Amino acid sequence: MTSKPPPANRQSTIDNRQPVTVDTQGRVFEVFHQQARGEPHVYVGSVHAPDAEMAILLAKEQYARRQACVNLWVVPAEAIVATPYENDDIFERATDKSYRESWGYKTPKTVRIEDTGGPTHA
C-alpha cells in the first residue's frame with residue numbers, strides 16, 4: 001500500500017480523527033541584530049528553523065549579509081511574553097515624581113549675567 005502525501009492545505013488526518021496541521025517550516029524564531037559593540041540589539045524579523053543553531057545560520061544569511069553586524073540573538077517566539085494592552089494601569093506611576101524630571105522645574109526666560117570684575121577677553 002502506498003501512502004498519500006498530505007493535502008495541499010497542509011493538514012492530514014491521523015486514524016480518521018480531527019485534522020492535524022503539519023508544520024513544514026519549523027519553529028518561529030525572532031531575530032535581534034546588533035550593528036556595533038555597545039549598541040542595543042534591535043528586532044529585525046523572524047526565521048523558521050528546526051532549532052536555535054539553524055536559526056542563527058538562517059538569521060545570519062537573511063539579516064547580516066547586507067549591513068554591519070557584530071552579534072545576533074534568536075529567540076523562540078513562544079518564549080516571548082508581553083503585557084496585555086488591557087492592563088495599561090500597571091504602567092501608571094504610584095506617586096508623583098515630577099521633581100525627578102526636567103519638566104518639573106520652572107526656568108526663567110532670561111538669565112541675568114553678573115559682572116564679577118574679572119578680566120575680559122576681546
# chains A, B, ... in the order shown; residues from 1 in each chain; ligands from 1
$ select_by_dssp --residues "range 34-108 of chain A" --states "strand (DSSP E)" --output "PyMOL selection string"
chain A and resi 34+42-49+71-76
$ write_last_selection --atoms "C-alpha atoms" --output "mmCIF file, in the first residue's frame"
data_model
loop_
_atom_site.group_PDB
_atom_site.id
_atom_site.type_symbol
_atom_site.label_atom_id
_atom_site.label_comp_id
_atom_site.auth_asym_id
_atom_site.auth_seq_id
_atom_site.Cartn_x
_atom_site.Cartn_y
_atom_site.Cartn_z
ATOM 1 C CA GLN A 34 23.447 44.457 16.826
ATOM 2 C CA VAL A 42 17.199 45.757 17.502
ATOM 3 C CA TYR A 43 14.403 43.492 16.295
ATOM 4 C CA VAL A 44 14.786 42.850 12.560
ATOM 5 C CA GLY A 45 12.411 39.982 11.773
ATOM 6 C CA SER A 46 11.849 36.269 12.179
ATOM 7 C CA VAL A 47 13.034 32.985 10.698
ATOM 8 C CA HIS A 48 11.611 29.466 10.624
ATOM 9 C CA ALA A 49 14.055 26.766 11.747
ATOM 10 C CA ASN A 71 26.015 39.935 17.106
ATOM 11 C CA LEU A 72 22.693 38.181 16.533
ATOM 12 C CA TRP A 73 20.118 36.940 19.011
ATOM 13 C CA VAL A 74 17.494 34.363 18.056
ATOM 14 C CA VAL A 75 14.641 33.788 20.495
ATOM 15 C CA PRO A 76 11.877 31.193 20.136
#
$ closest_residue --among "A:Lys60, A:Ser102, A:Asp51, A:Tyr85" --to "Phe32 in chain A" --atoms "only C-alpha atoms"
A:Lys60
